[in-house]
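K.L.:
I am attaching a structure below and will ask some questions about it afterwards.
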Amino acid sequence: MPSSSTPEAAAATATPQRRRPRGLSRRPAFWFIAPSVIALLTIGLAPILFAVWNSLHEYNLARPMAGKPFVGLENYAHVLGDGTFWSSLGRTLGFLVTAVPIEIAIGLWAALLLHRPGLGFMRALARVSLVIPMATTYAVVGLIGRLVFNREFGVANEILGWVGIPTTDWLGDPTRAYAALVIMDVWQWTPFCTLILLAGLSMVPRETEEAARLETPSAWRILRHVQLPYLLPGLTAILILRTADILKEFDKIFTMTRGGPGSATELISVYIQRIAFRVFDQGTASAQAILLLVLCIVLSRLYIRYVYREAEQ
Amino acid sequence: MSVTATAPRAAGRRARASVWHFLGLAVVFLTSVFPFYWMVTTSLKTRAEAVARDPVWLFTPTLKNYEAALFDYGVAHALLNSTIVASCTTVLAVLLGTPAAYALARYEFRGKRELWFWYITNRMVSPIVLAVPVFLIANSLGLIDTHLVLILLYLTFTLPIVVWICTDQFRGVPVALDEAARLEGAGAWTIFWRINLPLAMPGVVVSAILSFIFAWNDLLYALVLTRSEARTAPLAATSFMSGYELPWGEIMATGTMIVLPMVVFALIVSRRLVQGLTMGAVK
């Protein structure tokens with residue numbers, strides 16, 4: 001069968017008998033894709049361009065008489081010199097380095113438990129229960145956190161009391177409020193780590209694993225030398241996705257602590273929300289949003305590079 | 001029960017190991033379920049039991065909180081809004097997303113990979129980035145507190161889910177079917193609509209359920225863009241939070257009504273839930 005020299009020519013002389021779909025005319029592909037692209041450009045990109053425009057102007061909704069004078073990069077300079085912006089970003093980063101390692105560690109422990117054969121019913125029950133935290137609406141996770149960690153009647157204090165930890169005011173103290181938020185995040189996202197790592201563990205060829213078990217009784221050495229290579233793609237995915245997710249973190253904090261006490265739990269999204277919708281400074285908030293967007297885009301490139309290219313092979 | 005003389009110690013070790021294994025699994029189960037359990041039980045308690053200084057473990061359940069939340073606090077209306085918004089955005093995402101997914105699975109064209117990744121980039125963007133400018137746009141267009149603005153905005157994260165999951169699904173449909181149909185004279189649209197879409201239904205349903213869950217769960221956009229008419233359920237749940245004495249029973253009843261349907265949905269698609277959350281990164 002004579003093959004055309006270029007894909008363009010192939011498309012032009014499309015024959016129905018061709019075995020590969022490449023031979024099709026490209027017009028239908030365009031019409032199939034165009035509506036979704038137009039929708040996303042209008043809804044996703046247009047507002048961002050508008051935000052760029054806003055970020056270059058002074059624009060405060062609380063001062064409608066002041067107009068919207070062009071200020072160039074002044075808003076960006078202001079944001080970059082704003083200690084509160086950096087500390088909210090730092091808090092976000094701090095959240096990441098506290099919550100994610102705990103989630104991975106507990107998640108790995110649980111994944112190893114679920115990977116081991118036996119205790120069929122209990123295992124199925126434990127596995128199914130992992131879906132619940134992930135399905136719980138973020139805002140409701142925050143509400144539950146507020147209930148469980150309540151100073152007067154919170155069940156957290158009761159349970160900690162069983163192991164001799166004295167009653168404390170979790171949400172009234174800056175450090176403890178932060179810790180309580182981390183605990184709720186760990187509750188919600190450890191199952192995600194467990195299931196991803198469990199998928200990794202099940203990729204290890206059965207014979208390899210059994211051979212290793214005969215070789216050494218040490219579960220640690222099997223984990224390090226046999227299972228770890230299969231866990232790495234999952235770990236990369238967890239790291240990048242959790243980073244993206246914690247940059248977005250808003251609903252849970254808003255319902256649990258509103259960023260308080262003081263600004264102890266004010267992560268970046270919560271801070272931008274405050275500037276935009278409580279201080280009404282749209283110019284500054286837009287500049288902050290654009291900077292956060294840049295961060296998100298860098299992350300998504302990383303995601304595509306490390307997670308997707310890997311998984312595609 | 002008899003233990004062979006040669007391996008009593010090994011058997012003992014195995015029994016001990018399985019006790020630890022059992023306890024570990026029990027811990028996984030209890031910690032996953034406990035906060036959820038506490039929410040549901042609090043929603044069934046009287047006001048005094050809900051805020052008793054010593055947590056109440058045994059009580060007679062009452063549905064009073066649900067009645068009060070639904071009708072006195074307007075949660076019924078908010079749940080209806082959530083249902084409308086999440087359903088419409090899901091339908092729209094499926095209508096726009098499945099043809100794109102089909103084209104990505106079947107056709108070759110320049111920039112295809114970049115396009116595919118571009119969809120996912122939309123999902124990685126923090127909602128607050130869009131919320132700031134969209135608020136101003138919606139305000140000037142008079143779209144604040146309408147279902148429409150939420151439905152459209154939710155497309156930014158539901159559409160990528162549909163495109164990615166369905167592309168995967170369409171790849172599994174044999175190309176031979178397309179070719180057979182083409183020989184019969186069917187056009188591209190007919191081939192997609194009559195042959196591929198029905199065969200890809202399982203993936204389409206999964207992506208629709210995931211879209212619905214994500215749209216249902218949003219608080220930030222609803223907080224910024226709605227007031228009272230289009231107020232969604234998560235927002236209604238937070239609006240109890242003013243005042244000194246919080247109606248915990250009603251709050252938790254609302255929480256339960258928001259979460260319970262999502263848990264059921266998530267259990268239905270549990271096998272693909274993680275894929276939805278990672279967008280197929282880890283199979």
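Following the order of the structure tokens, first chain is A, next is B, and so on, with residues numbered from 1 inside each chain and ligands from 1 in the order they appear.
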Would you list which chain B residues are within 6 Å of chain A using only C-alpha atoms, as a PyMOL selection string?

P.N.:
chain B and resi 25+28-29+32+51-53+96+99-100+103+108+121+125-126+129+133-134+217+219+255+259+262-263+281

K.L.:
I need the residues of segment 56-151 of chain B that end up classed as helix (DSSP H, G or I) by DSSP on the backbone, written out as a ChimeraX atom specification.

P.N.:
/B:64-72,75-106,112-124,127-141,147-151

K.L.:
For a quick check of understanding, using only C-alpha atoms, which of A:Ile104, A:Thr84, A:Gly120, A:Leu96 has the smallest distance to His21 of chain B?

P.N.:
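Checking each of A:Ile104, A:Thr84, A:Gly120, A:Leu96 against His21 of chain B, counting only C-alpha atoms, the winner is A:Gly120.
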
K.L.:
By how many Å are atom CA of Trp38 of chain B and atom CA of Pro166 of chain A apart?

P.N.:
21.1 Å

K.L.:
Quote the spacing between atom CA of Asp281 of chain A and atom CA of Ala138 of chain B in Å to one decimal place.

P.N.:
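The value is 17.0 Å.
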
K.L.:
By how many Å are atom CA of Leu150 of chain B and atom CA of Tyr76 of chain A apart?

P.N.:
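Straight-line distance from atom CA of Leu150 of chain B to atom CA of Tyr76 of chain A works out to 29.1 Å.
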